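One structure is given here, and the rest of the page talks about it.
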Amino acid sequence: MRFLVTGSNGLVGSRVCAQLAQAGHPVVGLGRGGQRGGGAYRYIGVELSLEADVLTAIESAAPEVIIHCASMTEVDACEKNPEQAYAANVTAAAAVARGAARVGAHLVHVSTDYVFDGDHGPYDEEARPNPRGVYAVTKHMGEQAARIFAPGCAIARTAVVYGWPPAGRLNFGAWLVGALEKQQPVKLFEDQLVSPSLAESVAAMLVELGSRKLGGTWNTCGGEVLDRVTFGRALCGVFGFDPRLITPSRMADLKLPAPRPLRSGLKTDKARALLAAKPLSLSESLSRFHAAWKAGSTPARGG
Ligand SMILES: NC(=O)c1ccc[n+]([C@@H]2O[C@H](COP(=O)([O-])OP(=O)(O)OC[C@H]3O[C@@H](n4cnc5c(N)ncnc54)[C@H](OP(=O)(O)O)[C@@H]3O)[C@@H](O)[C@H]2O)c1
């Protein structure tokens, strides 16, 4: 089956491309600028907010499935640059969805738990979004664009994605490991509930949604909802780091530019019941994360 993956230089997109290529599918990755991080797939550099260029790339790849991972993901940067956020998260999403419809490809559109306000999480697929802040609003608009222009698409929401090696911007898990291994103290929110998600596991669920051409809304994230301090302490246990380096803090203590959902997290009963690629437990995710870190870091650290 021919796949096209946007955001192929990013954290999730790079994993999706790797898994598809490994399974023997022809893959075209779309990214901005040159290809970063390598990978055995054809690469096209495209600015996704330029619809004519997007359509040309999609027509040349003639995919049967498109997995749209590209997005402007830095929440505070979106708040400060709404034009750029709109272009990346709405204009680009609409262009990709129109392209999918034009070539008859099934679309898997990747979104976020930030479409919810975080007042009463965790949320299932039927919960009503109430986005706050530019990132959240533009991601919700991107979902609508996908639904309008590519009816039958899958909306795959994920949350706090982490993985090693880092790709795209530095992710929460990789940042945490980087600090703790140098024995640097870190402050983590104790009051924000999230669904931490291992990038490889998210990618596996996206690949399955694409391969099976499933539509509708799916929570494609980690299988447990917890606060970041609990996550950090569990990570210390698996990686052998000192948990006393973690100081609990509260979100309100930081004056962050963008609002963030507080009681968030996504329920994963649907994916657990209907997908072969199941959401992972925290311990399984952290043990795979640790194995990837060990494998990737052995030469640099001499073991
Ligand atoms: N990471 C998380 O914690 C998280 C949480 C919830 C949901 N999600 C969702 O998961 C999806 C994948 O995120 P990710 O973690 O893989 O993000 P990422 O690592 O930041 O990757 C996103 C990629 O999109 C590319 N991109 C952004 N704007 C573009 C544009 N206008 N044209 C072409 N490419 C563009 C970026 O290119 P550059 O590298 O050139 O900037 C980057 O490579 C997104 O839909 C995101 O909203 C992520």
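Each chain in the structure tokens gets a letter, A, B, ..., in the order shown, and its residues are numbered from 1; ligands are numbered from 1 in order too.
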
Find the spatial neighbours of Ala154 of chain A, counting only C-alpha atoms, within a cut-off of 10 Å - ignore same-chain residues fewer than 6 positions away - and output them as a list in words. Ile67, His106, Leu107, Val108, His109, Val110, Glu143, Ala146, Arg147, Leu206, Leu209, Gly210, Lys213, Leu214, Gly215, Gly216, Thr217 and Trp218 of chain A

At a cut-off of 8 Å, can you tabulate as a tab-separated table every residue of chain A near ligand 1 together with its closest atom pair and the distance in Å to one decimal, using only C-alpha atoms and all ligand atoms and ordering rows by chain then number?
residue	atom	partner	partner_atom_place_in_ligand_line	distance
A:Thr6	CA	ligand 1	34 (N)	7.0
A:Gly7	CA	ligand 1	23 (C)	4.0
A:Ser8	CA	ligand 1	43 (O)	6.1
A:Asn9	CA	ligand 1	43 (O)	4.3
A:Gly10	CA	ligand 1	21 (O)	3.3
A:Leu11	CA	ligand 1	16 (O)	3.7
A:Val12	CA	ligand 1	16 (O)	3.7
A:Gly13	CA	ligand 1	16 (O)	5.5
A:Ser14	CA	ligand 1	16 (O)	7.5
A:Leu30	CA	ligand 1	33 (C)	7.2
A:Gly31	CA	ligand 1	34 (N)	4.9
A:Arg32	CA	ligand 1	33 (C)	4.4
A:Gly33	CA	ligand 1	40 (O)	6.5
A:Gly45	CA	ligand 1	33 (C)	7.7
A:Val46	CA	ligand 1	33 (C)	5.8
A:Glu47	CA	ligand 1	32 (N)	3.9
A:Leu48	CA	ligand 1	32 (N)	3.8
A:Ser49	CA	ligand 1	31 (N)	5.2
A:His68	CA	ligand 1	45 (O)	7.2
A:Cys69	CA	ligand 1	12 (C)	4.5
A:Ala70	CA	ligand 1	24 (O)	3.3
A:Ser71	CA	ligand 1	27 (C)	4.2
A:Met72	CA	ligand 1	27 (C)	4.5
A:Thr73	CA	ligand 1	20 (O)	5.0
A:Glu74	CA	ligand 1	20 (O)	7.0
A:Gln84	CA	ligand 1	31 (N)	7.9
A:Ala87	CA	ligand 1	31 (N)	6.4
A:Ala88	CA	ligand 1	31 (N)	4.2
A:Asn89	CA	ligand 1	28 (N)	7.4
A:Ala92	CA	ligand 1	31 (N)	6.4
A:His109	CA	ligand 1	45 (O)	7.5
A:Val110	CA	ligand 1	45 (O)	4.5
A:Ser111	CA	ligand 1	45 (O)	4.6
A:Thr112	CA	ligand 1	7 (C)	3.9
A:Asp113	CA	ligand 1	6 (C)	6.2
A:Tyr114	CA	ligand 1	6 (C)	7.2
A:Lys139	CA	ligand 1	47 (O)	6.8
A:Arg157	CA	ligand 1	7 (C)	6.4
A:Thr158	CA	ligand 1	7 (C)	4.6
A:Ala159	CA	ligand 1	6 (C)	3.6
A:Val160	CA	ligand 1	3 (O)	3.4
A:Val161	CA	ligand 1	3 (O)	3.9
A:Tyr162	CA	ligand 1	3 (O)	6.6
A:Ala167	CA	ligand 1	19 (O)	5.8
A:Gly168	CA	ligand 1	19 (O)	3.7
A:Arg169	CA	ligand 1	19 (O)	5.2
A:Leu170	CA	ligand 1	19 (O)	7.7
A:Asn171	CA	ligand 1	1 (N)	6.4
A:Phe172	CA	ligand 1	3 (O)	7.1
A:Ser197	CA	ligand 1	3 (O)	7.9
A:Ala199	CA	ligand 1	15 (O)	7.9

Written selection (C-alpha atoms) as a PDB file, in the first residue's frame:
ATOM      1  CA  THR A   6       3.703  14.660   6.417  1.00  0.00           C
ATOM      2  CA  GLY A   7       6.022  15.931   9.140  1.00  0.00           C
ATOM      3  CA  SER A   8       8.480  13.154   8.352  1.00  0.00           C
ATOM      4  CA  ASN A   9      11.319  15.059  10.070  1.00  0.00           C
ATOM      5  CA  GLY A  10       9.274  15.275  13.262  1.00  0.00           C
ATOM      6  CA  LEU A  11       8.950  13.052  16.318  1.00  0.00           C
ATOM      7  CA  VAL A  12       5.861  11.103  15.281  1.00  0.00           C
ATOM      8  CA  GLY A  13       6.250  11.348  11.486  1.00  0.00           C
ATOM      9  CA  SER A  14       9.795   9.951  11.586  1.00  0.00           C
ATOM     10  CA  LEU A  30       6.945  15.357   3.260  1.00  0.00           C
ATOM     11  CA  GLY A  31       8.985  17.715   5.399  1.00  0.00           C
ATOM     12  CA  ARG A  32      10.091  21.296   5.472  1.00  0.00           C
ATOM     13  CA  GLY A  33      13.538  21.952   3.977  1.00  0.00           C
ATOM     14  CA  GLY A  45      10.562  19.152   0.871  1.00  0.00           C
ATOM     15  CA  VAL A  46       7.316  21.152   0.900  1.00  0.00           C
ATOM     16  CA  GLU A  47       5.965  24.133   2.815  1.00  0.00           C
ATOM     17  CA  LEU A  48       2.548  22.681   3.591  1.00  0.00           C
ATOM     18  CA  SER A  49       0.713  25.985   3.796  1.00  0.00           C
ATOM     19  CA  HIS A  68      -0.768  13.931   8.396  1.00  0.00           C
ATOM     20  CA  CYS A  69       1.657  14.385  11.303  1.00  0.00           C
ATOM     21  CA  ALA A  70       3.018  17.848  10.447  1.00  0.00           C
ATOM     22  CA  SER A  71       1.984  20.653  12.738  1.00  0.00           C
ATOM     23  CA  MET A  72       3.296  23.683  14.574  1.00  0.00           C
ATOM     24  CA  THR A  73       3.498  21.962  17.960  1.00  0.00           C
ATOM     25  CA  GLU A  74       5.203  24.469  20.240  1.00  0.00           C
ATOM     26  CA  GLN A  84       2.118  31.046  11.612  1.00  0.00           C
ATOM     27  CA  ALA A  87      -0.916  28.498   8.431  1.00  0.00           C
ATOM     28  CA  ALA A  88       0.664  25.327   9.834  1.00  0.00           C
ATOM     29  CA  ASN A  89      -2.316  23.889  11.699  1.00  0.00           C
ATOM     30  CA  ALA A  92      -1.850  23.113   5.801  1.00  0.00           C
ATOM     31  CA  HIS A 109      -5.188  13.416  10.586  1.00  0.00           C
ATOM     32  CA  VAL A 110      -3.164  13.693  13.807  1.00  0.00           C
ATOM     33  CA  SER A 111      -4.498  15.962  16.533  1.00  0.00           C
ATOM     34  CA  THR A 112      -4.218  16.575  20.255  1.00  0.00           C
ATOM     35  CA  ASP A 113      -5.863  16.388  23.668  1.00  0.00           C
ATOM     36  CA  TYR A 114      -5.463  20.201  23.728  1.00  0.00           C
ATOM     37  CA  LYS A 139      -5.666  22.195  16.048  1.00  0.00           C
ATOM     38  CA  ARG A 157      -5.649  12.509  18.967  1.00  0.00           C
ATOM     39  CA  THR A 158      -2.492  12.024  20.949  1.00  0.00           C
ATOM     40  CA  ALA A 159      -0.808  13.659  23.954  1.00  0.00           C
ATOM     41  CA  VAL A 160       2.633  14.443  25.468  1.00  0.00           C
ATOM     42  CA  VAL A 161       4.566  12.356  22.969  1.00  0.00           C
ATOM     43  CA  TYR A 162       8.106  11.347  23.892  1.00  0.00           C
ATOM     44  CA  ALA A 167      13.390  14.138  16.281  1.00  0.00           C
ATOM     45  CA  GLY A 168      11.827  17.481  15.583  1.00  0.00           C
ATOM     46  CA  ARG A 169      11.879  19.675  18.656  1.00  0.00           C
ATOM     47  CA  LEU A 170      13.082  18.311  22.004  1.00  0.00           C
ATOM     48  CA  ASN A 171      10.313  16.215  23.543  1.00  0.00           C
ATOM     49  CA  PHE A 172       9.296  16.030  27.225  1.00  0.00           C
ATOM     50  CA  SER A 197       2.647   8.571  24.892  1.00  0.00           C
ATOM     51  CA  ALA A 199       6.211   7.923  19.928  1.00  0.00           C
TER      52      ALA A 199
END

As an exercise, work out the distance from atom CA of Leu176 of chain A to atom CA of Pro279 of chain A in Å and give it to one decimal place.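 According to the coordinates, atom CA of Leu176 of chain A and atom CA of Pro279 of chain A are separated by 21.9 Å.
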
Point-to-point distance from atom CA of Val238 of chain A to atom CA of Gly37 of chain A, Å rounded to tenths: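 About the pair atom CA of Val238 of chain A and atom CA of Gly37 of chain A: they are 26.8 Å apart.
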
Compare A:Val115, A:Gln192, A:Val177, A:Val207 by their minimum atom-to-atom distance to Leu4 of chain A, counting only C-alpha atoms, and give me the closest one.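 Nearest candidate to Leu4 of chain A out of A:Val115, A:Gln192, A:Val177, A:Val207: A:Val207.
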
List the neighbours of Pro165 of chain A out to 8 Å using only C-alpha atoms; skip same-chain residues closer than 4 positions along the sequence, and give me the result as a VMD selection string. chain A and resid 174 292 to 293 296

As a ChimeraX atom specification, which residues of segment 66-223 of chain A does DSSP assign to helix (DSSP H, G or I)? /A:75-80,82-103,113-115,134-149,172-181,199-211

Given the choices A:Val65, A:Asp119, A:Ala258, A:Leu226, which gets closest to Cys78 of chain A if the distance is worked out from only C-alpha atoms?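 Nearest to Cys78 of chain A: A:Ala258.
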
Spatial neighbours of Phe289 of chain A, max dist 8 Å, only C-alpha atoms, sep filter under 6 positions, as number ranges by chain: A: 163-164, 198

Fewer than 4 positions away in the same chain doesn't count, so skip those; otherwise give me all residues within 10 Å of Gln184 of chain A, counting only C-alpha atoms, as a count of residues only. 8

So that I can check the surroundings of Leu188 of chain A, please list as a PyMOL selection string every protein, DNA and RNA residue that reaches within 10 Å of it, counting only C-alpha atoms and ignoring chain neighbours fewer than 4 positions away. chain A and resi 176+192+227-232+246-251

If you count only C-alpha atoms, which residues fall within 9 Å of Thr268 of chain A, apart from same-chain ones fewer than 6 positions away, as a list in words?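 Close residues of Thr268 of chain A: Tyr123, Asp124, Glu125, Trp218, Asn219, Thr220, Cys221, Gly222, Gly223, Glu224, Lys278 and Pro279 of chain A.
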
May I have the residues from that selection written out with C-alpha atoms, as a PDB file, in the first residue's frame?
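Writing done, so here's again_8.pdb:
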ATOM      1  CA  TYR A 123     -11.767  12.509  27.661  1.00  0.00           C
ATOM      2  CA  ASP A 124     -13.151   9.827  25.398  1.00  0.00           C
ATOM      3  CA  GLU A 125     -13.689  10.194  21.645  1.00  0.00           C
ATOM      4  CA  TRP A 218      -9.478   7.774  17.931  1.00  0.00           C
ATOM      5  CA  ASN A 219      -7.452   8.423  21.062  1.00  0.00           C
ATOM      6  CA  THR A 220      -4.003   7.167  20.055  1.00  0.00           C
ATOM      7  CA  CYS A 221      -1.887   7.748  23.145  1.00  0.00           C
ATOM      8  CA  GLY A 222      -0.424   6.056  26.204  1.00  0.00           C
ATOM      9  CA  GLY A 223      -2.732   3.842  28.238  1.00  0.00           C
ATOM     10  CA  GLU A 224      -2.429   5.658  31.589  1.00  0.00           C
ATOM     11  CA  LYS A 278      -2.807  -1.307  21.832  1.00  0.00           C
ATOM     12  CA  PRO A 279      -2.068   1.730  23.992  1.00  0.00           C
TER      13      PRO A 279
END

Based on DSSP run over this structure's backbone, return all residues of segment 39-174 of chain A in strand (DSSP E or B), as an mmCIF file with C-alpha atoms, in the first residue's frame.
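Now in result.cif:
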data_model
loop_
_atom_site.group_PDB
_atom_site.id
_atom_site.type_symbol
_atom_site.label_atom_id
_atom_site.label_comp_id
_atom_site.auth_asym_id
_atom_site.auth_seq_id
_atom_site.Cartn_x
_atom_site.Cartn_y
_atom_site.Cartn_z
ATOM 1 C CA ARG A 42 11.465 9.005 -0.712
ATOM 2 C CA TYR A 43 11.490 12.556 0.621
ATOM 3 C CA ILE A 44 9.960 15.760 -0.736
ATOM 4 C CA GLY A 45 10.562 19.152 0.871
ATOM 5 C CA VAL A 65 -3.128 6.562 2.494
ATOM 6 C CA ILE A 66 -1.935 9.905 3.914
ATOM 7 C CA ILE A 67 -0.865 10.220 7.550
ATOM 8 C CA HIS A 68 -0.768 13.931 8.396
ATOM 9 C CA HIS A 106 -7.593 7.689 3.036
ATOM 10 C CA LEU A 107 -6.528 10.418 5.504
ATOM 11 C CA VAL A 108 -5.315 9.936 9.066
ATOM 12 C CA HIS A 109 -5.188 13.416 10.586
ATOM 13 C CA VAL A 110 -3.164 13.693 13.807
ATOM 14 C CA SER A 111 -4.498 15.962 16.533
ATOM 15 C CA THR A 112 -4.218 16.575 20.255
ATOM 16 C CA TYR A 123 -11.767 12.509 27.661
ATOM 17 C CA ALA A 154 -9.593 9.307 10.929
ATOM 18 C CA ILE A 155 -8.928 11.981 13.541
ATOM 19 C CA ALA A 156 -6.190 10.538 15.767
ATOM 20 C CA ARG A 157 -5.649 12.509 18.967
ATOM 21 C CA THR A 158 -2.492 12.024 20.949
ATOM 22 C CA VAL A 161 4.566 12.356 22.969
ATOM 23 C CA TYR A 162 8.106 11.347 23.892
#

Just checking: using only C-alpha atoms, which residue out of A:Val28, A:Ala57, A:Cys17, A:Leu235 ends up closest to Leu286 of chain A?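 Smallest separation from Leu286 of chain A among the options: A:Leu235.
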
Using Å and a single decimal, report how far atom CA of Ala101 of chain A sits from atom CA of Ile148 of chain A.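 Here the two named atoms are 10.2 Å from each other.
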
Counting only C-alpha atoms, the option among A:Lys255, A:Arg260, A:Arg272, A:Arg244 closest to Pro131 of chain A: A:Arg260
